[in-house]
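Shown below: protein-v8.tsv, with TSV, C-alpha atoms.
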```
chain	number	residue	atom	x	y	z
A	272	MET	CA	-85.24	-88.61	31.16
A	273	THR	CA	-88.87	-89.52	31.13
A	274	GLY	CA	-90.49	-86.22	30.41
A	275	ARG	CA	-94.04	-85.09	30.07
A	276	HIS	CA	-94.26	-87.00	26.81
A	277	GLY	CA	-93.75	-90.21	28.67
A	278	ILE	CA	-90.85	-91.11	26.43
A	279	ASP	CA	-87.34	-91.83	27.60
A	280	ARG	CA	-85.57	-89.46	25.28
A	281	ARG	CA	-82.18	-91.06	25.34
A	282	SER	CA	-83.64	-94.48	24.80
A	283	VAL	CA	-85.41	-93.09	21.77
A	284	LEU	CA	-82.12	-91.73	20.49
A	285	THR	CA	-80.13	-94.87	20.98
A	286	SER	CA	-82.76	-97.26	19.72
A	287	ALA	CA	-83.41	-95.09	16.69
A	288	ALA	CA	-79.74	-94.78	15.86
A	289	LEU	CA	-78.90	-98.40	16.55
A	290	GLY	CA	-81.84	-99.52	14.48
A	291	GLY	CA	-80.29	-97.77	11.54
A	292	ALA	CA	-83.59	-96.41	10.32
A	293	THR	CA	-83.71	-93.15	8.44
A	294	ILE	CA	-86.42	-91.54	10.46
A	295	VAL	CA	-85.72	-87.83	10.32
A	296	GLY	CA	-89.01	-86.03	10.12
A	297	ALA	CA	-90.98	-89.23	10.23
A	298	SER	CA	-92.08	-88.68	13.81
A	299	ALA	CA	-93.41	-92.20	14.17
A	300	LEU	CA	-93.26	-91.70	17.91
A	301	GLY	CA	-95.28	-88.54	17.82
A	302	GLY	CA	-93.99	-84.98	18.16
A	303	LEU	CA	-91.50	-84.13	20.84
A	304	ASP	CA	-91.59	-80.58	22.15
A	305	ALA	CA	-88.59	-78.84	20.56
A	306	ASP	CA	-88.03	-76.19	23.22
A	307	ALA	CA	-88.21	-78.75	25.99
A	308	ALA	CA	-85.82	-80.95	24.09
A	309	PHE	CA	-83.23	-78.19	23.67
A	310	ALA	CA	-83.52	-77.27	27.32
A	311	ALA	CA	-83.22	-80.84	28.52
A	312	PRO	CA	-79.75	-81.18	30.01
A	313	MET	CA	-77.89	-84.35	29.17
A	314	PRO	CA	-77.00	-85.33	32.74
A	315	SER	CA	-80.65	-85.89	33.58
A	316	LEU	CA	-81.08	-88.41	30.79
A	317	ASP	CA	-81.06	-92.12	31.35
A	318	PRO	CA	-77.84	-92.84	33.28
A	319	ALA	CA	-77.85	-96.41	32.02
A	320	VAL	CA	-76.57	-95.17	28.69
A	321	SER	CA	-72.97	-94.05	28.27
A	322	ARG	CA	-71.92	-90.46	28.89
A	323	SER	CA	-72.93	-87.60	26.64
A	324	SER	CA	-70.87	-86.43	23.74
A	325	PHE	CA	-70.33	-83.04	22.13
A	326	VAL	CA	-69.35	-82.24	18.55
A	327	ASP	CA	-68.13	-78.83	17.30
A	328	GLY	CA	-67.37	-78.45	13.61
A	329	ARG	CA	-68.58	-77.86	10.05
A	330	VAL	CA	-70.78	-80.09	7.96
A	331	SER	CA	-68.74	-81.48	5.09
A	332	ARG	CA	-71.28	-83.99	3.78
A	333	ILE	CA	-74.86	-85.03	4.36
A	334	LYS	CA	-75.94	-88.57	3.64
A	335	GLY	CA	-79.49	-89.33	4.61
A	336	SER	CA	-79.85	-88.53	8.28
A	337	THR	CA	-76.11	-88.58	8.95
A	338	LEU	CA	-73.96	-85.48	9.00
A	339	ASP	CA	-70.22	-85.79	8.39
A	340	VAL	CA	-68.77	-83.06	10.58
A	341	VAL	CA	-65.15	-81.90	10.40
A	342	GLU	CA	-63.80	-80.60	13.69
A	343	SER	CA	-61.18	-77.87	13.90
A	344	ASP	CA	-58.33	-80.38	14.10
A	345	GLY	CA	-59.52	-82.13	10.94
A	346	THR	CA	-61.15	-85.07	12.72
A	347	HIS	CA	-64.32	-86.36	11.06
A	348	ARG	CA	-67.28	-87.09	13.35
A	349	LEU	CA	-70.55	-88.61	12.19
A	350	VAL	CA	-73.62	-87.00	13.74
A	351	ARG	CA	-76.80	-89.02	13.36
A	352	LEU	CA	-80.14	-87.28	13.41
A	353	THR	CA	-83.21	-89.14	14.57
A	354	ASN	CA	-86.81	-88.11	15.00
A	355	ALA	CA	-85.88	-87.33	18.59
A	356	THR	CA	-83.28	-84.78	17.50
A	357	SER	CA	-84.10	-81.09	17.90
A	358	VAL	CA	-82.50	-78.79	15.36
A	359	TRP	CA	-82.02	-75.04	15.83
A	360	LYS	CA	-81.05	-72.70	13.00
A	361	LEU	CA	-82.13	-69.21	14.09
A	362	GLU	CA	-85.29	-70.96	15.24
A	363	THR	CA	-86.44	-74.53	15.65
A	364	VAL	CA	-86.33	-76.15	12.21
A	365	THR	CA	-86.41	-79.57	10.61
A	366	ALA	CA	-83.29	-81.51	9.71
A	367	GLU	CA	-83.71	-80.56	6.06
A	368	ALA	CA	-82.54	-77.05	6.96
A	369	VAL	CA	-79.01	-78.29	7.65
A	370	GLU	CA	-76.69	-77.62	4.70
A	371	THR	CA	-73.17	-78.54	3.71
A	372	GLY	CA	-70.83	-75.83	4.96
A	373	ASP	CA	-72.88	-75.07	8.07
A	374	GLY	CA	-71.17	-74.93	11.44
A	375	LEU	CA	-72.77	-76.75	14.33
A	376	TYR	CA	-72.66	-77.80	17.92
A	377	ALA	CA	-74.25	-81.18	18.58
A	378	ARG	CA	-75.07	-82.80	21.90
A	379	GLY	CA	-75.83	-86.48	22.04
A	380	VAL	CA	-74.89	-90.01	22.87
A	381	GLU	CA	-71.82	-91.74	21.49
A	382	MET	CA	-72.73	-94.96	19.72
A	383	PRO	CA	-70.61	-98.13	19.58
A	384	ASP	CA	-69.49	-97.28	16.03
A	385	GLY	CA	-68.13	-93.90	17.19
A	386	SER	CA	-70.92	-91.83	15.70
A	387	VAL	CA	-73.00	-89.50	17.87
A	388	ALA	CA	-76.78	-89.87	18.02
A	389	ALA	CA	-77.76	-86.25	18.57
A	390	ASP	CA	-80.55	-85.14	20.84
A	391	ALA	CA	-79.93	-81.45	20.04
A	392	VAL	CA	-78.11	-79.72	17.21
A	393	TRP	CA	-77.52	-75.97	17.09
A	394	VAL	CA	-76.64	-74.96	13.55
A	395	ASN	CA	-74.50	-71.85	12.94
A	396	ILE	CA	-75.34	-70.54	16.40
A	397	VAL	CA	-73.15	-67.72	17.70
A	398	ASN	CA	-73.26	-65.65	20.88
A	399	LEU	CA	-70.92	-62.72	20.35
A	400	TYR	CA	-69.87	-59.66	22.33
A	401	VAL	CA	-70.07	-56.76	19.90
A	402	THR	CA	-70.09	-52.98	19.63
A	403	VAL	CA	-72.67	-51.28	17.42
A	404	ARG	CA	-70.87	-49.24	14.74
A	405	GLY	CA	-73.73	-48.46	12.37
A	406	ILE	CA	-77.48	-48.85	12.15
A	407	GLU	CA	-79.58	-49.36	9.02
A	408	ARG	CA	-83.20	-50.38	8.64
A	409	SER	CA	-82.47	-54.03	8.03
A	410	ARG	CA	-78.97	-54.51	9.34
A	411	LEU	CA	-76.45	-53.46	11.95
A	412	HIS	CA	-72.77	-52.87	11.46
A	413	LEU	CA	-70.92	-54.41	14.35
A	414	SER	CA	-67.38	-54.86	15.56
A	415	HIS	CA	-66.42	-58.12	17.18
A	416	GLY	CA	-62.91	-58.05	18.57
A	417	ARG	CA	-60.77	-56.73	15.75
A	418	ASN	CA	-63.24	-57.80	13.08
A	419	THR	CA	-66.28	-56.19	11.53
A	420	LEU	CA	-69.54	-58.03	11.18
A	421	VAL	CA	-72.92	-57.40	9.60
A	422	GLY	CA	-75.90	-58.32	11.77
A	423	ARG	CA	-79.14	-58.84	9.87
A	424	ILE	CA	-82.40	-57.78	11.47
A	425	VAL	CA	-84.89	-60.54	10.72
A	426	ALA	CA	-88.54	-59.50	10.57
A	427	LYS	CA	-90.71	-61.09	13.25
A	428	ARG	CA	-87.68	-62.84	14.69
A	429	THR	CA	-85.11	-60.33	15.95
A	430	THR	CA	-85.69	-59.12	19.49
A	431	ALA	CA	-83.75	-56.86	21.80
A	432	SER	CA	-83.22	-56.41	25.50
A	433	PHE	CA	-81.93	-53.13	26.91
A	434	ARG	CA	-80.08	-53.04	30.21
A	435	GLY	CA	-81.69	-56.21	31.48
A	436	GLY	CA	-85.22	-55.28	30.44
A	437	ALA	CA	-87.80	-57.49	28.82
A	438	LEU	CA	-87.41	-58.62	25.22
A	439	THR	CA	-88.93	-56.31	22.63
A	440	SER	CA	-89.13	-56.16	18.85
A	441	ASP	CA	-88.63	-52.40	19.06
A	442	LEU	CA	-84.96	-51.69	18.28
A	443	SER	CA	-85.33	-47.90	18.34
A	444	GLN	CA	-83.33	-47.61	21.57
A	445	LEU	CA	-80.31	-49.07	19.85
A	446	LYS	CA	-77.48	-46.51	19.51
A	447	ILE	CA	-74.10	-46.42	17.85
A	448	GLY	CA	-71.46	-47.23	20.43
A	449	HIS	CA	-73.65	-49.58	22.42
A	450	HIS	CA	-71.91	-52.67	23.72
A	451	ALA	CA	-74.09	-55.71	23.28
A	452	GLN	CA	-74.28	-59.44	22.95
A	453	VAL	CA	-75.72	-60.94	19.78
A	454	LEU	CA	-77.26	-64.40	19.79
A	455	GLY	CA	-77.92	-65.46	16.24
A	456	ALA	CA	-77.19	-67.68	13.28
A	457	TRP	CA	-74.06	-67.19	11.20
A	458	ARG	CA	-74.56	-67.24	7.42
A	459	PRO	CA	-71.61	-69.03	5.80
A	460	ALA	CA	-72.43	-67.59	2.36
A	461	ASP	CA	-71.59	-63.99	3.28
A	462	ASP	CA	-70.23	-64.21	6.83
A	463	SER	CA	-73.07	-62.13	8.27
A	464	VAL	CA	-75.24	-63.08	11.24
A	465	ASP	CA	-79.03	-63.26	11.41
A	466	ILE	CA	-79.87	-61.78	14.80
A	467	ALA	CA	-82.19	-63.71	17.07
A	468	ARG	CA	-81.57	-61.48	20.07
A	469	ILE	CA	-79.41	-58.47	20.82
A	470	SER	CA	-78.86	-57.70	24.49
A	471	VAL	CA	-77.57	-54.22	25.20
A	472	GLY	CA	-75.61	-53.70	28.40
A	473	HIS	CA	-74.67	-50.58	30.31
B	300	MET	CA	-58.26	-80.42	40.93
B	301	ALA	CA	-61.50	-81.84	42.23
B	302	CYS	CA	-64.95	-80.68	41.23
B	303	GLY	CA	-66.29	-79.98	44.71
B	304	SER	CA	-69.54	-79.19	46.45
B	305	THR	CA	-68.65	-76.15	48.55
B	306	SER	CA	-70.76	-73.18	47.55
B	307	LEU	CA	-68.73	-70.51	45.79
B	308	TRP	CA	-71.12	-68.13	44.03
B	309	ALA	CA	-74.41	-67.82	42.17
B	310	GLY	CA	-75.67	-65.76	39.28
B	311	GLU	CA	-76.22	-65.90	35.54
B	312	THR	CA	-74.10	-67.76	33.06
B	313	SER	CA	-73.82	-66.98	29.39
B	314	TRP	CA	-71.69	-68.80	26.82
B	315	PHE	CA	-68.85	-67.85	24.50
B	316	CYS	CA	-66.71	-69.52	21.89
B	317	CYS	CA	-62.93	-69.85	21.96
B	318	GLY	CA	-60.15	-71.71	20.23
B	319	SER	CA	-60.14	-72.75	16.62
B	320	SER	CA	-63.67	-72.89	15.34
B	321	TRP	CA	-65.98	-71.86	12.51
B	322	GLY	CA	-67.53	-68.54	11.51
B	323	PRO	CA	-66.97	-65.50	13.74
B	324	CYS	CA	-65.58	-67.85	16.38
B	325	GLY	CA	-62.62	-68.58	14.16
B	326	SER	CA	-60.81	-65.47	15.34
B	327	THR	CA	-61.47	-65.59	19.07
B	328	GLY	CA	-58.21	-67.18	20.22
B	329	THR	CA	-57.59	-69.47	23.15
B	330	GLY	CA	-58.38	-67.02	25.92
B	331	ALA	CA	-56.39	-65.50	28.76
B	332	CYS	CA	-54.96	-68.85	29.82
B	333	GLY	CA	-54.10	-69.92	26.27
B	334	THR	CA	-56.01	-73.18	26.61
B	335	CYS	CA	-59.66	-72.37	25.90
B	336	GLN	CA	-61.54	-74.57	23.42
B	337	SER	CA	-65.26	-74.39	22.64
B	338	GLY	CA	-65.55	-78.16	22.53
B	339	LYS	CA	-64.19	-78.68	26.04
B	340	ASN	CA	-65.87	-78.05	29.37
B	341	MET	CA	-64.26	-74.73	30.19
B	342	ALA	CA	-65.27	-71.35	31.56
B	343	ALA	CA	-64.34	-67.71	31.91
B	344	TRP	CA	-64.23	-66.20	35.40
B	345	PRO	CA	-64.36	-62.43	36.13
B	346	ASN	CA	-61.67	-62.57	38.80
B	347	LEU	CA	-59.06	-64.65	37.04
B	348	THR	CA	-56.34	-62.04	37.71
B	349	ALA	CA	-56.11	-58.48	39.00
B	350	ALA	CA	-55.97	-57.23	35.42
B	351	CYS	CA	-59.04	-59.26	34.55
B	352	TRP	CA	-60.92	-57.91	37.57
B	353	SER	CA	-60.16	-54.34	36.55
B	354	VAL	CA	-61.87	-54.95	33.21
B	355	THR	CA	-64.85	-57.06	34.26
B	356	ASP	CA	-65.42	-54.98	37.44
B	357	PRO	CA	-68.06	-57.18	39.09
B	358	ALA	CA	-67.92	-54.91	42.15
B	359	ALA	CA	-69.86	-52.35	40.12
B	360	CYS	CA	-72.80	-54.77	40.44
B	361	GLY	CA	-72.05	-55.61	44.08
B	362	GLU	CA	-70.41	-58.91	43.17
B	363	ASN	CA	-67.10	-59.58	44.91
B	364	MET	CA	-66.29	-63.12	43.97
B	365	PRO	CA	-62.90	-64.51	45.00
B	366	ARG	CA	-59.95	-64.88	42.68
B	367	ARG	CA	-59.54	-68.23	41.00
B	368	GLY	CA	-56.76	-68.70	38.49
B	369	CYS	CA	-56.21	-70.55	35.25
B	370	GLY	CA	-56.78	-74.27	35.69
B	371	SER	CA	-59.07	-73.97	38.69
B	372	VAL	CA	-62.03	-76.35	38.53
B	373	VAL	CA	-65.57	-75.39	39.54
B	374	LYS	CA	-68.93	-77.06	39.25
B	375	VAL	CA	-71.75	-75.12	37.61
B	376	LYS	CA	-75.28	-76.30	38.39
B	377	HIS	CA	-78.52	-75.19	36.80
B	378	GLN	CA	-80.64	-73.58	39.50
B	379	CYS	CA	-83.80	-75.47	38.59
B	380	SER	CA	-82.97	-78.66	36.72
B	381	GLY	CA	-80.04	-79.58	38.93
B	382	ALA	CA	-77.96	-80.50	35.89
B	383	ALA	CA	-74.30	-79.83	36.58
B	384	VAL	CA	-71.02	-79.69	34.73
B	385	CYS	CA	-67.46	-79.43	35.97
B	386	VAL	CA	-65.42	-76.82	34.14
B	387	THR	CA	-61.83	-75.63	34.06
B	388	LEU	CA	-61.23	-71.87	34.19
B	389	ALA	CA	-59.53	-70.85	30.96
B	390	ASP	CA	-60.39	-67.22	30.27
B	391	CYS	CA	-61.28	-63.86	31.77
B	392	GLY	CA	-64.95	-62.90	31.63
B	393	PRO	CA	-67.78	-62.18	31.40
B	394	ASN	CA	-67.75	-58.40	31.41
B	395	THR	CA	-69.98	-58.37	34.48
B	396	GLN	CA	-70.17	-54.60	34.89
B	397	MET	CA	-71.95	-54.30	31.54
B	398	TRP	CA	-74.91	-56.34	32.75
B	399	CYS	CA	-75.61	-55.01	36.25
B	400	GLY	CA	-79.26	-55.61	37.12
B	401	GLU	CA	-79.88	-58.26	34.50
B	402	GLN	CA	-81.57	-61.36	35.83
B	403	THR	CA	-82.50	-64.82	34.59
B	404	CYS	CA	-85.25	-66.82	36.22
B	405	CYS	CA	-86.71	-70.31	36.34
B	406	ASN	CA	-89.61	-71.61	38.39
B	407	GLY	CA	-90.10	-68.12	39.77
B	408	ALA	CA	-86.60	-67.85	41.26
B	409	CYS	CA	-84.10	-65.47	39.70
B	410	ARG	CA	-80.34	-65.03	39.65
B	411	THR	CA	-78.81	-61.64	38.92
B	412	HIS	CA	-75.61	-60.51	37.19
B	413	ARG	CA	-73.39	-62.44	34.82
B	414	VAL	CA	-70.81	-64.14	36.99
B	415	ILE	CA	-69.42	-66.86	34.72
B	416	ASP	CA	-69.24	-67.65	31.00
B	417	LEU	CA	-69.23	-71.24	29.73
B	418	THR	CA	-67.95	-72.77	26.53
B	419	PRO	CA	-70.62	-74.26	24.23
B	420	ALA	CA	-69.72	-77.78	25.39
B	421	ALA	CA	-70.21	-76.87	29.04
B	422	PHE	CA	-73.30	-74.71	28.57
B	423	SER	CA	-75.06	-77.33	26.45
B	424	ALA	CA	-74.47	-79.91	29.18
B	425	ILE	CA	-76.83	-78.04	31.51
B	426	GLY	CA	-79.17	-76.21	29.12
B	427	SER	CA	-79.89	-74.99	25.63
B	428	LEU	CA	-77.44	-72.78	23.75
B	429	SER	CA	-80.38	-70.96	22.18
B	430	SER	CA	-81.49	-69.70	25.60
B	431	GLY	CA	-78.26	-67.68	25.88
B	432	LEU	CA	-78.47	-67.34	29.66
B	433	LEU	CA	-79.08	-69.70	32.57
B	434	PRO	CA	-79.43	-69.16	36.33
B	435	VAL	CA	-76.75	-71.19	38.10
B	436	TYR	CA	-75.07	-72.07	41.37
B	437	ILE	CA	-71.30	-72.43	41.39
B	438	TYR	CA	-69.36	-74.81	43.65
B	439	GLU	CA	-65.72	-75.71	44.18
```
Entire entry expressed as structure tokens:
Amino acid sequence: MTGRHGIDRRSVLTSAALGGATIVGASALGGLDADAAFAAPMPSLDPAVSRSSFVDGRVSRIKGSTLDVVESDGTHRLVRLTNATSVWKLETVTAEAVETGDGLYARGVEMPDGSVAADAVWVNIVNLYVTVRGIERSRLHLSHGRNTLVGRIVAKRTTASFRGGALTSDLSQLKIGHHAQVLGAWRPADDSVDIARISVGH
Amino acid sequence: MACGSTSLWAGETSWFCCGSSWGPCGSTGTGACGTCQSGKNMAAWPNLTAACWSVTDPAACGENMPRRGCGSVVKVKHQCSGAAVCVTLADCGPNTQMWCGEQTCCNGACRTHRVIDLTPAAFSAIGSLSSGLLPVYIYE
């Protein structure tokens, strides 16, 4: 796709990855808008390059700009980050925020060596249907299926939507027993979730 | 089954995880059809079975989509970007009746009610996972 930046994003990815340069954060090409990058669907990218690829797993090792990701069946996939890669971890972050043990979904282009040059990486992202079981100032006690879960309210980050209304930082309408969907970032260290958005249904 | 171009429905799509995965998604199971995997292009449909319909109750929002069973293939297209992905139905959902009145818009045009849920692989093929919701057209 040739976007408003005038850069063919997929070409940037492939040339950066094939060139073998460690360019995370270098931004030699100038900044690419992170939100636009996340929203850019793969099918609209340059069709001359092979089909898109998707990786779902946990980071077992980080070497330079390459993430060694272990999928649920034990398969290792190498995910290569370039300066065209957008990284989300509760919010848009730099590649340095990715840690060993993190879970991730990566979207990108499969390279000849089997690695994936990622255009977008969502780290620890979850989107869970929950029921509110308890409310504290800085956290919510939630049930998710048969499991319990702590949802952390993050200052200046957590927003809520009630019955389809606009997003608000005011969580005072939240009640015990509410059914909701939580979009957030899982924290591997304690199994809690930092809440980006909680959407309360009827 | 083919991924066709006959209009089937329209509305919002969200995303959900299934199958063996990490974090809270590790306990979600493989869905109503027993085949659902986050890393594959799959979806949940509110009228997968009569039992499913009784739970999701889309009619409460005025949505009466037809029944499509496990293994059915539909195409989901982003309303504005035109990006599309073909998905296999593998679970029951979303719980449409919980979100009556909710709408998601792009370029000034909105779609109402959650009518399909996509796996992360499928959702990320047409938009950003961090958006949580997308307005879509569905074809078969």
Could the residues of chain B that have an atom at most 9 Å from chain A be listed as JSON lines, each with its closest atom pair and the distance in Å to one decimal, counting all atoms listed in the file and ordered by chain and ascending residue number?
```
{"residue": "B:Ser313", "atom": "CA", "partner": "A:Asn398", "partner_atom": "CA", "distance": 8.6}
{"residue": "B:Trp314", "atom": "CA", "partner": "A:Asn398", "partner_atom": "CA", "distance": 6.9}
{"residue": "B:Phe315", "atom": "CA", "partner": "A:Asn398", "partner_atom": "CA", "distance": 6.1}
{"residue": "B:Cys316", "atom": "CA", "partner": "A:Asn398", "partner_atom": "CA", "distance": 7.7}
{"residue": "B:Gly318", "atom": "CA", "partner": "A:Ser343", "partner_atom": "CA", "distance": 8.9}
{"residue": "B:Ser319", "atom": "CA", "partner": "A:Ser343", "partner_atom": "CA", "distance": 5.9}
{"residue": "B:Ser320", "atom": "CA", "partner": "A:Ser343", "partner_atom": "CA", "distance": 5.8}
{"residue": "B:Trp321", "atom": "CA", "partner": "A:Gly374", "partner_atom": "CA", "distance": 6.1}
{"residue": "B:Gly322", "atom": "CA", "partner": "A:Trp457", "partner_atom": "CA", "distance": 6.7}
{"residue": "B:Pro323", "atom": "CA", "partner": "A:Val397", "partner_atom": "CA", "distance": 7.7}
{"residue": "B:Cys324", "atom": "CA", "partner": "A:Val397", "partner_atom": "CA", "distance": 7.7}
{"residue": "B:Ser326", "atom": "CA", "partner": "A:Asn418", "partner_atom": "CA", "distance": 8.4}
{"residue": "B:Thr327", "atom": "CA", "partner": "A:Gly416", "partner_atom": "CA", "distance": 7.7}
{"residue": "B:Ser337", "atom": "CA", "partner": "A:Asp327", "partner_atom": "CA", "distance": 7.5}
{"residue": "B:Gly338", "atom": "CA", "partner": "A:Asp327", "partner_atom": "CA", "distance": 5.9}
{"residue": "B:Lys339", "atom": "CA", "partner": "A:Phe325", "partner_atom": "CA", "distance": 8.5}
{"residue": "B:Ser380", "atom": "CA", "partner": "A:Pro312", "partner_atom": "CA", "distance": 7.9}
{"residue": "B:Gly381", "atom": "CA", "partner": "A:Ser315", "partner_atom": "CA", "distance": 8.3}
{"residue": "B:Ala382", "atom": "CA", "partner": "A:Pro314", "partner_atom": "CA", "distance": 5.8}
{"residue": "B:Ala383", "atom": "CA", "partner": "A:Pro314", "partner_atom": "CA", "distance": 7.2}
{"residue": "B:Val384", "atom": "CA", "partner": "A:Pro314", "partner_atom": "CA", "distance": 8.5}
{"residue": "B:Gln396", "atom": "CA", "partner": "A:His473", "partner_atom": "CA", "distance": 7.6}
{"residue": "B:Met397", "atom": "CA", "partner": "A:His473", "partner_atom": "CA", "distance": 4.8}
{"residue": "B:Trp398", "atom": "CA", "partner": "A:Gly472", "partner_atom": "CA", "distance": 5.1}
{"residue": "B:Cys399", "atom": "CA", "partner": "A:His473", "partner_atom": "CA", "distance": 7.5}
{"residue": "B:Gly400", "atom": "CA", "partner": "A:Gly435", "partner_atom": "CA", "distance": 6.2}
{"residue": "B:Glu401", "atom": "CA", "partner": "A:Gly435", "partner_atom": "CA", "distance": 4.1}
{"residue": "B:Gln402", "atom": "CA", "partner": "A:Gly435", "partner_atom": "CA", "distance": 6.7}
{"residue": "B:Pro419", "atom": "CA", "partner": "A:Tyr376", "partner_atom": "CA", "distance": 7.5}
{"residue": "B:Ala420", "atom": "CA", "partner": "A:Phe325", "partner_atom": "CA", "distance": 6.2}
{"residue": "B:Ser423", "atom": "CA", "partner": "A:Pro312", "partner_atom": "CA", "distance": 7.0}
{"residue": "B:Ala424", "atom": "CA", "partner": "A:Pro312", "partner_atom": "CA", "distance": 5.5}
{"residue": "B:Ile425", "atom": "CA", "partner": "A:Pro312", "partner_atom": "CA", "distance": 4.5}
{"residue": "B:Gly426", "atom": "CA", "partner": "A:Ala310", "partner_atom": "CA", "distance": 4.8}
{"residue": "B:Ser427", "atom": "CA", "partner": "A:Ala310", "partner_atom": "CA", "distance": 4.6}
{"residue": "B:Leu428", "atom": "CA", "partner": "A:Trp393", "partner_atom": "CA", "distance": 7.4}
{"residue": "B:Ser429", "atom": "CA", "partner": "A:Leu454", "partner_atom": "CA", "distance": 7.6}
{"residue": "B:Ser430", "atom": "CA", "partner": "A:Ala310", "partner_atom": "CA", "distance": 8.0}
{"residue": "B:Gly431", "atom": "CA", "partner": "A:Leu454", "partner_atom": "CA", "distance": 7.0}
```
From atom CA of B:Tyr436 to atom CA of B:His412 the spacing works out at 12.3 Å
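The gap separating atom CA of B:Thr418 from atom CA of A:Ile469 is 19.2 Å, in Å to one decimal.
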Exercise for review: Can you pull out every residue within 12 Å of B:Thr348, counting only C-alpha atoms, but drop anything in the same chain fewer than 4 positions away, and send it as number ranges by chain?
Suggested key: B: 331-332, 343-344, 352-356, 364-369, 388-392
Write out as a compact mmCIF listing (two decimals) with C-alpha atoms, in the coordinates of the input which residues come within 7 Å of B:Gly303 when counting only C-alpha atoms, dropping same-chain ones fewer than 4 positions away.
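Wrote it out as out.txt, contents follow:
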```
# COMPACT_ATOMS: atom_id res chain seq x y z
CA VAL B 373 -65.57 -75.39 39.54
CA LYS B 374 -68.93 -77.06 39.25
CA TYR B 438 -69.36 -74.81 43.65
CA GLU B 439 -65.72 -75.71 44.18
```
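In this model, the gap between atom CA of A:Ser357 and atom CA of A:Ala426 comes to 23.2 Å.
Of the listed residues B:Asp416, B:His377, B:Gly330, B:Val435, the one whose atoms come nearest to B:Pro345 is B:Asp416, with distances taken using only C-alpha atoms.
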